Structures are given as structure tokens and as C-alpha cells.
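Asker: I'd like to ask you about the structure that follows.
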Number of protein chains: 2
Amino acid sequence: MSVTATRAGARRPLPFDLQSYLESRTLFINKGLDRFLPKETVKPATIHKAMRYSLFAGGKRMRPALTLAAATACGGTEEAAMPLACAVECIHTYSLIHDDLPAMDNDDFRRGKPTNHKVFGEGIAVLAGDALLTQSFEIAAQAKGWPRYSHQDLILELTKASGSLQLIAGQVADLEAEGRKVSAADLKYIHERKTSALLCCSVRLGGMSANCTAAQLKALTDFGYNVGLAFQIIDDILDITQTSEQLGKTAGKDTKAQKATYPSIVGMEKSRKLAKELTERAFASLKIFKGRAQALEALAHFLLVRDK
Amino acid sequence: MSVTATRAGARRPLPFDLQSYLESRTLFINKGLDRFLPKETVKPATIHKAMRYSLFAGGKRMRPALTLAAATACGGTEEAAMPLACAVECIHTYSLIHDDLPAMDNDDFRRGKPTNHKVFGEGIAVLAGDALLTQSFEIAAQAKGWPRYSHQDLILELTKASGSLQLIAGQVADLEAEGRKVSAADLKYIHERKTSALLCCSVRLGGMSANCTAAQLKALTDFGYNVGLAFQIIDDILDITQTSEQLGKTAGKDTKAQKATYPSIVGMEKSRKLAKELTERAFASLKIFKGRAQALEALAHFLLVRDK
């Protein structure tokens, strides 16, 4: 009631209620993922249990939320964007499962729970990642195509963001950077690929699901790129400032693995400033959406000020 | 010269020269794969070296050859089928890299060379598999769509054959069957998924690239299914009868890992008979192509009588 009253009397825009936005969109996305993925009882049960274990481990659903928000910013519907939002979340989850493997980052905890390979064993964890990656393209292929963006475009958008020149390139460069002297430029290369690429793809796919214009797609690309970089800088900062309990994953692991991070290269204060600048640049690119990008703006702000 | 003379005077069809067919198609496929994949020098070089190491390790290119042969059987061109043939080979190679990992079959040799993780390490091997899987969809999305088969159909064909209900299901069931008592029905379940699914997909995609009719697609499905099962039974037999040198991969590993195989369950003689029956069933389904399926027939025969 008070919300309605405030809205009626307000001269400036109602403050965006991100918490209830995220709660309702998480439910919406989870419902979609549950519908797209084989049930836990489907044979062979182990693989579907393993896929669902990581997919429903309490992720923040930031990427699919960005997809939905980008779709509405472009005048589209969340329903049309939903398959693509789910596809992006499957890719994100697959990459986490594989990154956590002993042969990579060797992490025992993720989102406060034992990692996939700790529960199901390494073999199944590799296969669960493979299956989620494959499932992602299956889900994306079921999205509605448009005259402006065909299924071919949607699939290529996903493969390019997650392939050997972007997401996987970032993980390779990250693996190879451990224990080595890394420049700020090297680190930017890693972060652009490990984080920005898929974030950028998330918002672009949202726009494409809304049959957006070329100018809108350009704005979403700039937004996603900058938010992605800011996101990763904040991740680096939180790895140092927060405890494992606060993060739900192993804290301090960058320092332990002698990994280069923004704070370790340019210092903590400059890192915070940079993340803020990038977020402001992201805000600036939303002007084209003329007030329809409230959710995108709120999400970018949240990613900057989050504490986990 | 003698070939031309024979052809001119022959009353019955010229015996199909499979060896030169396979040699020329391997060159054609290798050229396509080389074009689709980032060069070894593209950053990060490690991942592209690792992807190419396994992709160009001397595989027999049976699956892509089946795709090309199915396309010509349906009156299509090899050029139109080529991207799909390459996509199938990328999926096959990714599955070998991941299956060979220590957490799975733990194999040190494949095609007479050290396996991917022995050369590049486990982390890169996992990522090289991931990258080839992703690349496969990127390549398939670049194939020509048809009114009868859209990009959506082509992608779904690939995802279904390689997803958690088929290719990955087969590997999961195979992992879970080790050291356990396995029935003939269980083994059929594994083989249908581990081998038949992708073989079936290979020929179906070839047909789809030629805009084939529903009846032709049905014939290709039956052909692929039966050839796939025969292929795996022969693999089981060769694992027992051949040496590692002959196979180019570790022989006798099924027995060592206490893996159920056709020979171990139904006996060697019955296994050979079954493979022959399945191949004959595959031949029978080729009638619809009225003499245009010589290459498919020769490939199926070769897969039955091969010694490695």
C-alpha cells in the first residue's frame, strides 16, 4: 500500500526495489531451468543430479537477471528472453564446475556448499559441466528467432562468448598467470574474457530476444563490458576483504595461489575507484533506453556495492 | 587408366574404392577443420595447440565421412555437408579427450600418441575438450539452413546426440558399470548412447544438409543406429584380439578395468555374428537411395571388417 501511495505522490522516479526484483526473477529463472533440464530421476540419474546440484546451489542469477532486464529495456518481454537467460546460466554454472576441479582452481567450496567434484567425483563433475554446456545450446535453440536475429545469431553469440577466444581463453590465461609476474594489461585481458565476455553476452542476448535495434545492441555491449570488468575487480577486492563464510567460497585464494589481482597490481584504493568509474560508464550507456533501464541500472549498482 | 577401362566395360557396378574415398575425404575434412579452428598461434596459443593436437592426431574421420556420404546419398553436395561433418568430428574429439582423463578411463595413449592431458596437463585437456564442444556448435551454426531443416533443427540434432540423455549418458553408465555385473540390456544401453547416437547424428546431419525427405531421414537413422552398434561390438572384440600397437591405443583395457563387453557377456562368436547381422540390417535400409549410397555401404562394410 505504502509503495502505491509513494508512487502516486512521487515527482522523482520510485527507487527501484532490487531485492524484490531479484527474488521474483530468481523464481522465474529457476522455474525455467527446472523445465528445461531433465529431472533428477531421468536415467542416468547421477548426471542429472550432478547438473542440478550445481545449477540450484543458490547462485545469485545475476547473468540471467541481466538478460531479462536488457530485454525489457529494449521493449521486449521476459518470457521471450527466458530461454536465453537460462542458457547463459547453464554456461556460467558449467564454467564454475570445471574451474573448481583439482586440475584447475582446486576449490572445495562454492556458494557455501561442497563443489561438484567433492560430491560426485571428478569424472562426473567433468561430465556434468559438459552436459550443462551442451544443454545451454539446446535451450538457446528453443528461443524464439526474429527477422533481425536468427537462431544462427543467437547460437553464435553464445559460442563466441564462451569459446576458446573468450571465456575459455580467460581461464587458460588465468591458469598460466599463476605464480608469474602479470602486468595490468595481462590482467585486463584475463578479466575481459573470464567475466566481461559472458556478462556482455547476457545483456546482448536479452536485447536480441527483444529484436533490439543496432544502436540498442551497441549500448548493451558497452554496458555489459564495463559492468563485467567492474564485477571482476570487485570480486578481486572481496577475495581479500571478506571471509570464506561471507563469500560462501574460499576467500584469500588469489593471494594464496599468488594470483595477480587488481588490488595486488594497482592497489586497493585505485581498484575501488576503477570499479566505480566503470560502473558510471555503464550507467552512461543506458541513456538510450529512456527510463526503461531501471533494472539494468540497479543491477549494475548492486554489483558494485555488494559484499559477497 | 585401368579404372576408366574397367568402368567402360563393366556390366556390374564398379567396386567402390573406399581407400581413395577415405583419403580424399580426410583431406577435405582436415582442410575444413583447419579453416574453422583458430590457428595455433592465436592467443592463448596453449588452448589452440591442445585443440589441434587431438583433432589432427590421425583420426580415421569415419563420422565426418559418413556425414558426407549421407549427403551425396540424398542428392546433396559434400560442400553443404562439410560444416556439419566438421562439427561432428569436434564433438567426437572432445569426448575422447575427456574420456581419456585420469578421472575417467585414465588412458595414456590414443591413436598411437600420448593423450591430450599427458601432453598439456589435465586442466588444459578439460578446457580443450570444452572448447572443441563449443566450437562444434559454432561450426554447425555456420552450415547452410534449408526450408526443411533450419539452424534450430541442426543444433538440436547435435545437442540431443551429445547431451546428457545420449553421448554423456553412455559415458556415465559406462563409468558406473565398471566392476559391476552388467546385463546384455545394460550393455546395449551404453553402446547405443556412447556410439550409436553420434554415428546416427552424423548420417542424419548429412541428410539434413541435403534437404532430405522424411523417408530418407528415417532410412539414415536406421542405418546409423545399426552401424553404430556394430561399430561398438567390433571395438569390444578388437580390444581383446589386437595389441596396443595394432590399435594405437591401450588394448585389453576393458578386461583390465573389468568392463562388461559384448564378447564377455555373449561370447566372441555370437558377438561377431551380431555385428554382421547389424551391418546387414544397415545395408537393407540403404535401398531407398537407389545406388547412390555406395559410399555409405562401403563405410559400413569397412567398419565391420576393420582390424583397428
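Ordering of the C-alpha cells sets the chain letters (A, B, ...); residue numbers start at 1 within each chain; ligands are numbered from 1 in the order shown.
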Please identify every residue of chain B that has at least one atom no more than 8 Å from any atom of chain A, counting only C-alpha atoms, and report them as number ranges by chain.

Answerer: B: 43-44, 46-48, 98, 103-104, 122-124, 126-127, 130-131, 133-135, 137-138, 141-142, 151-152, 155-156, 159-160, 162-165, 168-169, 172-173

Asker: What's around A:Leu18 at 12 Å? Count only C-alpha atoms, leave out sequence neighbours fewer than 5 positions away in its own chain, and write the answer as a ChimeraX atom specification.

Answerer: /A:23-26,62,65,69,294-303

Asker: Using the selection just defined, write its residues with N, CA and C atoms as a PDB file, in the first residue's frame.

Answerer:
ATOM      1  N   GLU A  23      14.377 -11.393  -6.290  1.00  0.00           N
ATOM      2  CA  GLU A  23      13.674 -12.561  -5.749  1.00  0.00           C
ATOM      3  C   GLU A  23      12.690 -13.122  -6.759  1.00  0.00           C
ATOM      4  N   SER A  24      11.898 -12.240  -7.379  1.00  0.00           N
ATOM      5  CA  SER A  24      10.884 -12.741  -8.313  1.00  0.00           C
ATOM      6  C   SER A  24      11.534 -13.280  -9.588  1.00  0.00           C
ATOM      7  N   ARG A  25      12.619 -12.639 -10.043  1.00  0.00           N
ATOM      8  CA  ARG A  25      13.276 -13.127 -11.264  1.00  0.00           C
ATOM      9  C   ARG A  25      14.021 -14.436 -11.014  1.00  0.00           C
ATOM     10  N   THR A  26      14.553 -14.596  -9.811  1.00  0.00           N
ATOM     11  CA  THR A  26      15.212 -15.861  -9.481  1.00  0.00           C
ATOM     12  C   THR A  26      14.197 -17.004  -9.544  1.00  0.00           C
ATOM     13  N   MET A  62      22.674 -13.466 -11.420  1.00  0.00           N
ATOM     14  CA  MET A  62      22.909 -12.113 -11.913  1.00  0.00           C
ATOM     15  C   MET A  62      22.879 -12.072 -13.433  1.00  0.00           C
ATOM     16  N   ALA A  65      19.361 -12.477 -14.783  1.00  0.00           N
ATOM     17  CA  ALA A  65      18.600 -11.263 -14.436  1.00  0.00           C
ATOM     18  C   ALA A  65      18.971 -10.134 -15.397  1.00  0.00           C
ATOM     19  N   ALA A  69      16.476  -8.089 -17.807  1.00  0.00           N
ATOM     20  CA  ALA A  69      16.433  -6.625 -17.684  1.00  0.00           C
ATOM     21  C   ALA A  69      16.764  -5.953 -19.014  1.00  0.00           C
ATOM     22  N   GLN A 294      15.805   0.838 -15.716  1.00  0.00           N
ATOM     23  CA  GLN A 294      15.943   0.924 -14.254  1.00  0.00           C
ATOM     24  C   GLN A 294      16.536  -0.343 -13.649  1.00  0.00           C
ATOM     25  N   ALA A 295      16.067  -1.489 -14.138  1.00  0.00           N
ATOM     26  CA  ALA A 295      16.548  -2.756 -13.581  1.00  0.00           C
ATOM     27  C   ALA A 295      18.032  -2.952 -13.903  1.00  0.00           C
ATOM     28  N   LEU A 296      18.420  -2.621 -15.137  1.00  0.00           N
ATOM     29  CA  LEU A 296      19.843  -2.739 -15.513  1.00  0.00           C
ATOM     30  C   LEU A 296      20.698  -1.840 -14.627  1.00  0.00           C
ATOM     31  N   GLU A 297      20.211  -0.623 -14.399  1.00  0.00           N
ATOM     32  CA  GLU A 297      20.961   0.333 -13.592  1.00  0.00           C
ATOM     33  C   GLU A 297      21.101  -0.183 -12.161  1.00  0.00           C
ATOM     34  N   ALA A 298      20.002  -0.684 -11.626  1.00  0.00           N
ATOM     35  CA  ALA A 298      20.016  -1.187 -10.241  1.00  0.00           C
ATOM     36  C   ALA A 298      20.937  -2.397 -10.117  1.00  0.00           C
ATOM     37  N   LEU A 299      20.927  -3.250 -11.122  1.00  0.00           N
ATOM     38  CA  LEU A 299      21.800  -4.437 -11.092  1.00  0.00           C
ATOM     39  C   LEU A 299      23.276  -4.028 -11.124  1.00  0.00           C
ATOM     40  N   ALA A 300      23.602  -3.072 -11.982  1.00  0.00           N
ATOM     41  CA  ALA A 300      24.998  -2.615 -12.080  1.00  0.00           C
ATOM     42  C   ALA A 300      25.441  -1.991 -10.761  1.00  0.00           C
ATOM     43  N   HIS A 301      24.547  -1.221 -10.146  1.00  0.00           N
ATOM     44  CA  HIS A 301      24.873  -0.591  -8.865  1.00  0.00           C
ATOM     45  C   HIS A 301      25.079  -1.659  -7.791  1.00  0.00           C
ATOM     46  N   PHE A 302      24.195  -2.637  -7.777  1.00  0.00           N
ATOM     47  CA  PHE A 302      24.303  -3.726  -6.792  1.00  0.00           C
ATOM     48  C   PHE A 302      25.630  -4.481  -6.942  1.00  0.00           C
ATOM     49  N   LEU A 303      26.010  -4.746  -8.194  1.00  0.00           N
ATOM     50  CA  LEU A 303      27.259  -5.493  -8.425  1.00  0.00           C
ATOM     51  C   LEU A 303      28.470  -4.720  -7.907  1.00  0.00           C
TER      52      LEU A 303
END

Asker: Can you measure atom CA of B:Ser244 to atom CA of B:Gln232 for me? One decimal in Å is fine.

Answerer: 17.4 Å

Asker: What residues in stretch 68-122 of chain B get the DSSP label strand (DSSP E or B)? Please answer as a list in words.

Answerer: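 Matching residues for strand (DSSP E or B) in stretch 68-122 of chain B are Phe109, Arg110, Lys113 and Pro114 of chain B.
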
Asker: By how many Å are atom CA of B:Ala71 and atom CA of B:Phe231 apart?

Answerer: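 Computing the Euclidean distance for atom CA of B:Ala71 and atom CA of B:Phe231 yields 20.7 Å.
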
Asker: Identify, on the basis of only C-alpha atoms, every residue whose closest approach to A:Arg281 does not exceed 9 Å; exclude the query and any residue fewer than 4 positions from it along the same chain; express the result as a list of chain:residue names.

Answerer: A:Asp222, A:Phe223, A:Asn226, A:Val227, A:Lys276, A:Glu277, A:Ser285

Asker: Take the residues just selected and output them with N, CA and C atoms as a compact mmCIF listing (two decimals), in the first residue's frame.

Answerer:
# COMPACT_ATOMS: atom_id res chain seq x y z
N ASP A 222 28.37 -2.03 -24.58
CA ASP A 222 29.19 -1.14 -23.73
C ASP A 222 28.85 -1.36 -22.26
N PHE A 223 27.56 -1.42 -21.99
CA PHE A 223 27.10 -1.63 -20.61
C PHE A 223 27.67 -2.93 -20.06
N ASN A 226 31.56 -2.96 -19.46
CA ASN A 226 32.01 -2.18 -18.29
C ASN A 226 31.55 -2.81 -16.97
N VAL A 227 30.31 -3.25 -16.94
CA VAL A 227 29.82 -3.91 -15.72
C VAL A 227 30.63 -5.18 -15.46
N LYS A 276 34.26 1.87 -9.71
CA LYS A 276 33.22 2.91 -9.68
C LYS A 276 33.14 3.62 -11.04
N GLU A 277 34.29 3.93 -11.59
CA GLU A 277 34.32 4.61 -12.89
C GLU A 277 33.68 3.75 -13.99
N SER A 285 25.84 4.52 -20.66
CA SER A 285 25.41 3.88 -21.92
C SER A 285 23.92 3.51 -21.88

Asker: Interatomic distance between atom CA of B:Ala81 and atom CA of B:Phe289?

Answerer: 17.2 Å

Asker: Env of A:Ile240: 9 Å cut, atoms = only C-alpha atoms, seq-sep filter 2 positions within chain, self excluded. Answer as a compact mmCIF listing (two decimals) with C-alpha atoms, in the first residue's frame.

Answerer:
# COMPACT_ATOMS: atom_id res chain seq x y z
CA ASP A 235 35.48 -9.99 -6.94
CA ASP A 236 39.22 -9.47 -6.56
CA ILE A 237 38.65 -6.97 -3.74
CA LEU A 238 36.16 -9.21 -1.91
CA GLN A 242 35.89 -10.88 3.09
CA THR A 243 35.96 -14.21 4.93
CA ALA A 251 38.41 -16.43 0.45
CA GLY A 252 42.01 -15.31 0.08
CA LYS A 253 42.67 -17.90 -2.59
CA ASP A 254 44.05 -15.38 -5.07
CA THR A 255 46.76 -14.34 -2.61
CA PRO A 263 44.37 -4.73 -5.77

Asker: Which of stretch 43-288 of chain A end up as helix (DSSP H, G or I) when DSSP is run on this backbone - answer as a VMD selection string?

Answerer: chain A and resid 45 to 55 62 to 73 78 to 99 116 to 120 122 to 140 151 to 162 167 to 177 184 to 209 214 to 241 244 to 247 253 to 256 262 to 266 268 to 284 287 to 288

Asker: From the set B:Lys270, B:Arg180, B:Lys49, B:Lys60, which residue has the shortest atom-to-atom contact distance to B:Phe120, counting only C-alpha atoms?

Answerer: B:Lys49

Asker: Find the residues near B:Leu229: any atom within 7 Å, counting only C-alpha atoms, skip ones fewer than 4 places away on the same chain, and give them as a PyMOL selection string.

Answerer: chain B and resi 191-192+195-196+225+233

Asker: So which residues touch B:Pro147 within 12 Å, counting only C-alpha atoms, skipping near sequence neighbours fewer than 6 positions away, as a list in words?

Answerer: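 These residues fall inside the cut-off: Asp153, Met208, Ser209, Ala210, Asn211, Cys212 and Thr213 of chain B.
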
Asker: I need the residues from that last selection saved to file as a PDB file, in the first residue's frame (with N, CA and C atoms), if you can.

Answerer:
ATOM      1  N   ASP B 153      16.968 -26.854 -36.091  1.00  0.00           N
ATOM      2  CA  ASP B 153      16.945 -28.322 -36.221  1.00  0.00           C
ATOM      3  C   ASP B 153      18.356 -28.894 -36.163  1.00  0.00           C
ATOM      4  N   MET B 208      20.250 -34.049 -43.663  1.00  0.00           N
ATOM      5  CA  MET B 208      19.619 -32.741 -43.457  1.00  0.00           C
ATOM      6  C   MET B 208      20.321 -31.656 -44.283  1.00  0.00           C
ATOM      7  N   SER B 209      21.639 -31.791 -44.435  1.00  0.00           N
ATOM      8  CA  SER B 209      22.378 -30.804 -45.243  1.00  0.00           C
ATOM      9  C   SER B 209      21.986 -30.905 -46.711  1.00  0.00           C
ATOM     10  N   ALA B 210      21.362 -32.032 -47.086  1.00  0.00           N
ATOM     11  CA  ALA B 210      20.913 -32.228 -48.477  1.00  0.00           C
ATOM     12  C   ALA B 210      19.404 -32.017 -48.593  1.00  0.00           C
ATOM     13  N   ASN B 211      18.806 -31.443 -47.533  1.00  0.00           N
ATOM     14  CA  ASN B 211      17.360 -31.205 -47.518  1.00  0.00           C
ATOM     15  C   ASN B 211      16.588 -32.493 -47.811  1.00  0.00           C
ATOM     16  N   CYS B 212      16.990 -33.585 -47.184  1.00  0.00           N
ATOM     17  CA  CYS B 212      16.426 -34.913 -47.466  1.00  0.00           C
ATOM     18  C   CYS B 212      14.955 -35.014 -47.089  1.00  0.00           C
ATOM     19  N   THR B 213      14.291 -36.016 -47.632  1.00  0.00           N
ATOM     20  CA  THR B 213      12.889 -36.262 -47.297  1.00  0.00           C
ATOM     21  C   THR B 213      12.803 -36.982 -45.954  1.00  0.00           C
TER      22      THR B 213
END
